[in-house]
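Data file: upload_36.csv. Format and content: CSV, C-alpha atoms.
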```csv
chain,number,residue,atom,x,y,z
X,154,MET,CA,96.1,-36.2,24.9
X,155,PHE,CA,96.2,-35.8,21.1
X,156,PHE,CA,98.3,-37.1,18.3
X,157,ILE,CA,99.5,-35.4,15.2
X,158,PHE,CA,100.0,-37.8,12.4
X,159,GLY,CA,99.8,-37.9,8.6
X,160,ILE,CA,100.1,-40.3,5.7
X,161,SER,CA,101.8,-39.0,2.5
X,162,ASP,CA,103.8,-40.1,-0.5
X,163,ARG,CA,107.4,-39.0,-0.5
X,164,GLU,CA,109.6,-39.1,-3.5
X,165,LYS,CA,113.4,-39.3,-3.5
X,166,LEU,CA,115.8,-38.9,-6.5
X,167,ILE,CA,118.0,-41.9,-6.6
X,168,LYS,CA,120.1,-41.3,-9.7
X,169,SER,CA,120.4,-39.1,-12.8
X,170,GLN,CA,121.6,-40.9,-15.9
X,171,ASN,CA,122.8,-38.8,-18.8
X,172,MET,CA,122.6,-39.6,-22.5
X,173,TYR,CA,119.8,-42.1,-22.7
X,174,THR,CA,117.8,-42.7,-25.8
X,175,HIS,CA,114.1,-43.0,-25.1
X,176,ASN,CA,112.4,-45.7,-27.3
X,177,ARG,CA,109.1,-43.8,-27.5
X,178,CYS,CA,110.3,-40.4,-28.7
X,179,GLY,CA,113.7,-41.4,-30.1
X,180,ARG,CA,115.6,-38.5,-28.6
X,181,TRP,CA,118.6,-38.3,-26.4
X,182,GLY,CA,118.1,-37.0,-22.9
X,183,ARG,CA,118.6,-37.4,-19.2
X,184,VAL,CA,116.6,-39.9,-17.2
X,185,ASP,CA,116.0,-39.4,-13.5
X,186,ILE,CA,115.2,-42.4,-11.3
X,187,TYR,CA,112.9,-41.8,-8.4
X,188,MET,CA,111.7,-43.9,-5.5
X,189,VAL,CA,108.2,-43.1,-4.2
X,190,GLU,CA,107.1,-44.5,-0.9
X,191,THR,CA,104.1,-44.0,1.4
X,192,VAL,CA,105.1,-42.7,4.8
X,193,LEU,CA,103.3,-42.5,8.1
X,194,SER,CA,104.5,-39.6,10.2
X,195,LEU,CA,103.9,-39.2,13.9
X,196,PHE,CA,104.6,-35.7,15.3
X,197,PHE,CA,106.2,-34.9,11.9
X,198,ILE,CA,108.7,-37.7,12.3
X,199,PRO,CA,108.5,-40.5,9.6
X,200,THR,CA,107.9,-43.7,11.6
X,201,PHE,CA,106.7,-46.3,9.1
X,202,ARG,CA,107.3,-46.6,5.4
X,203,TRP,CA,105.7,-49.0,2.9
X,204,ASN,CA,104.6,-49.3,-0.8
X,205,LYS,CA,107.9,-48.5,-2.4
X,206,ARG,CA,107.6,-47.8,-6.2
X,207,PHE,CA,110.3,-46.8,-8.7
X,208,PHE,CA,109.9,-44.5,-11.7
X,209,ALA,CA,112.0,-43.3,-14.5
X,210,HIS,CA,111.4,-39.7,-15.5
X,211,PHE,CA,112.5,-38.9,-19.1
X,212,ASN,CA,113.4,-35.2,-19.5
X,213,CYS,CA,113.4,-35.5,-23.3
X,214,CYS,CA,109.6,-36.0,-23.5
X,215,ASN,CA,108.6,-35.3,-19.9
X,216,ARG,CA,107.2,-38.8,-19.3
X,217,ASN,CA,107.3,-41.2,-16.3
X,218,ILE,CA,107.5,-45.0,-16.6
X,219,GLU,CA,107.4,-47.4,-13.7
X,220,ILE,CA,110.4,-49.6,-13.1
X,221,ASP,CA,110.2,-53.1,-11.7
X,222,LYS,CA,110.7,-53.1,-7.9
X,223,ASP,CA,113.7,-55.5,-8.0
X,224,ILE,CA,115.5,-53.4,-10.6
X,225,GLY,CA,114.8,-50.3,-8.6
X,226,MET,CA,116.2,-51.8,-5.4
X,227,GLU,CA,119.3,-52.9,-7.4
X,228,ILE,CA,119.8,-49.4,-8.6
X,229,LEU,CA,119.3,-48.1,-5.0
X,230,ARG,CA,122.0,-50.5,-3.7
X,231,ASN,CA,124.4,-50.1,-6.7
X,232,PRO,CA,124.5,-46.5,-8.0
X,233,ASN,CA,126.8,-47.6,-10.9
X,234,ARG,CA,124.1,-49.7,-12.4
X,235,ASN,CA,122.5,-48.0,-15.4
X,236,LEU,CA,119.0,-48.3,-16.7
X,237,ASN,CA,118.3,-49.9,-20.1
X,238,SER,CA,115.2,-50.2,-22.2
X,239,ASN,CA,114.6,-53.8,-21.0
X,240,ASP,CA,114.2,-52.6,-17.4
X,241,LEU,CA,111.1,-50.6,-18.1
X,242,LYS,CA,107.6,-52.0,-17.5
X,243,ASP,CA,105.2,-52.2,-20.4
X,244,ASP,CA,103.0,-49.3,-19.3
X,245,LYS,CA,99.2,-49.4,-20.1
X,246,TYR,CA,99.5,-45.6,-20.8
X,247,TYR,CA,101.9,-46.2,-23.7
X,248,ALA,CA,99.8,-49.0,-25.1
X,249,SER,CA,96.8,-46.7,-25.3
X,250,PHE,CA,99.0,-43.8,-26.4
X,251,GLU,CA,100.2,-45.7,-29.4
X,252,SER,CA,96.9,-47.2,-30.4
X,253,SER,CA,94.8,-44.1,-30.0
X,254,ASN,CA,94.1,-41.4,-32.6
X,255,LEU,CA,94.9,-38.6,-30.2
X,256,ASN,CA,97.8,-36.4,-31.0
X,257,TYR,CA,100.5,-35.7,-28.5
X,258,CYS,CA,103.5,-33.3,-28.7
X,259,GLN,CA,106.7,-35.3,-29.0
X,260,ASN,CA,108.6,-32.6,-27.2
X,261,CYS,CA,106.5,-32.0,-24.1
X,262,GLY,CA,104.0,-34.9,-24.2
X,263,LYS,CA,100.9,-32.6,-23.9
X,264,LYS,CA,97.6,-33.5,-25.7
X,265,LEU,CA,97.1,-31.6,-29.0
X,266,GLU,CA,94.1,-31.0,-31.2
X,267,ASP,CA,94.1,-32.5,-34.7
X,268,ASP,CA,94.5,-29.2,-36.5
X,269,PHE,CA,97.5,-27.9,-34.5
X,270,GLU,CA,100.7,-27.6,-36.4
X,271,PHE,CA,102.6,-26.2,-33.4
X,272,CYS,CA,102.4,-27.2,-29.8
X,273,PRO,CA,100.8,-24.3,-27.8
X,274,TYR,CA,102.7,-25.3,-24.7
X,275,CYS,CA,106.3,-25.5,-26.0
X,276,GLY,CA,106.1,-24.3,-29.6
X,277,HIS,CA,107.5,-27.6,-31.1
X,278,MET,CA,106.5,-28.2,-34.7
X,279,ARG,CA,104.6,-31.5,-35.4
```

Encoding of this model in structure tokens:
Amino acid sequence: MFFIFGISDREKLIKSQNMYTHNRCGRWGRVDIYMVETVLSLFFIPTFRWNKRFFAHFNCCNRNIEIDKDIGMEILRNPNRNLNSNDLKDDKYYASFESSNLNYCQNCGKKLEDDFEFCPYCGHMR
């Protein structure tokens, strides 16, 4: 007798919210809210789920920010609830992003060299 099992992270789009102003880049865009959970599958059938996490993906600057689990569950239960800037966790990435001397493209979020005037990934002018 043998068992086929696997553990993986699965992501599910919960909601897309249009016309959101992102505080970091200051641009309007769409935000997609995702739920990511770890799943144990037995014979390719998901049998046990744990470690639910919620993220907001900002399409304006292509960044992800974690959302508090209680707020994510509230959005999961009530699709009419919209995300606001107070719902976002203070991410360590952004603290280091703002305090560092590294340059990032405000359009696509990729790391740039100091002497670049244009982003080589998307062509956006700095």

Problem set entry | From X:Thr174, X:Ser169, X:Ser161, X:Ser238, residue lying nearest X:Val192 [only C-alpha atoms] | X:Ser161

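If only C-alpha atoms are the atoms counted, then among X:Gly159, X:Gly182, X:Pro199, X:Pro273 the closest residue to X:Phe211 is X:Gly182.
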
Problem set entry | From X:Asn231, X:Gln170, X:Asn237, X:Asn260, residue lying nearest X:Asn215 [only C-alpha atoms] | X:Asn260

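Among the candidates X:Cys178, X:Ile198, X:Asn204, X:Asn233, the one nearest to X:Arg216 when counting only C-alpha atoms is X:Cys178.
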
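Between atom CA of X:Glu164 and atom CA of X:Cys261 the interatomic distance comes to 22.0 Å.
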
Seminar exercise, completed: Separating atom CA of X:Leu193 from atom CA of X:Ile157, to the nearest tenth of an Å, is a gap of 10.7 Å

For this session: Can you work out the spacing between atom CA of X:Val184 and atom CA of X:Glu219 in Å, to one decimal?
Result: 12.4 Å

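Each of X:Lys263, X:Lys168, X:Arg180, X:His277 was checked against X:Phe207 using all atoms listed in the file; the smallest atom-to-atom distance is that of X:Lys168.
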
Exercise. Which of these, X:Leu265, X:Leu236, X:Cys275, X:Met226, has the shortest distance to X:Cys214 once you count all atoms listed in the file?
Worked result: X:Cys275
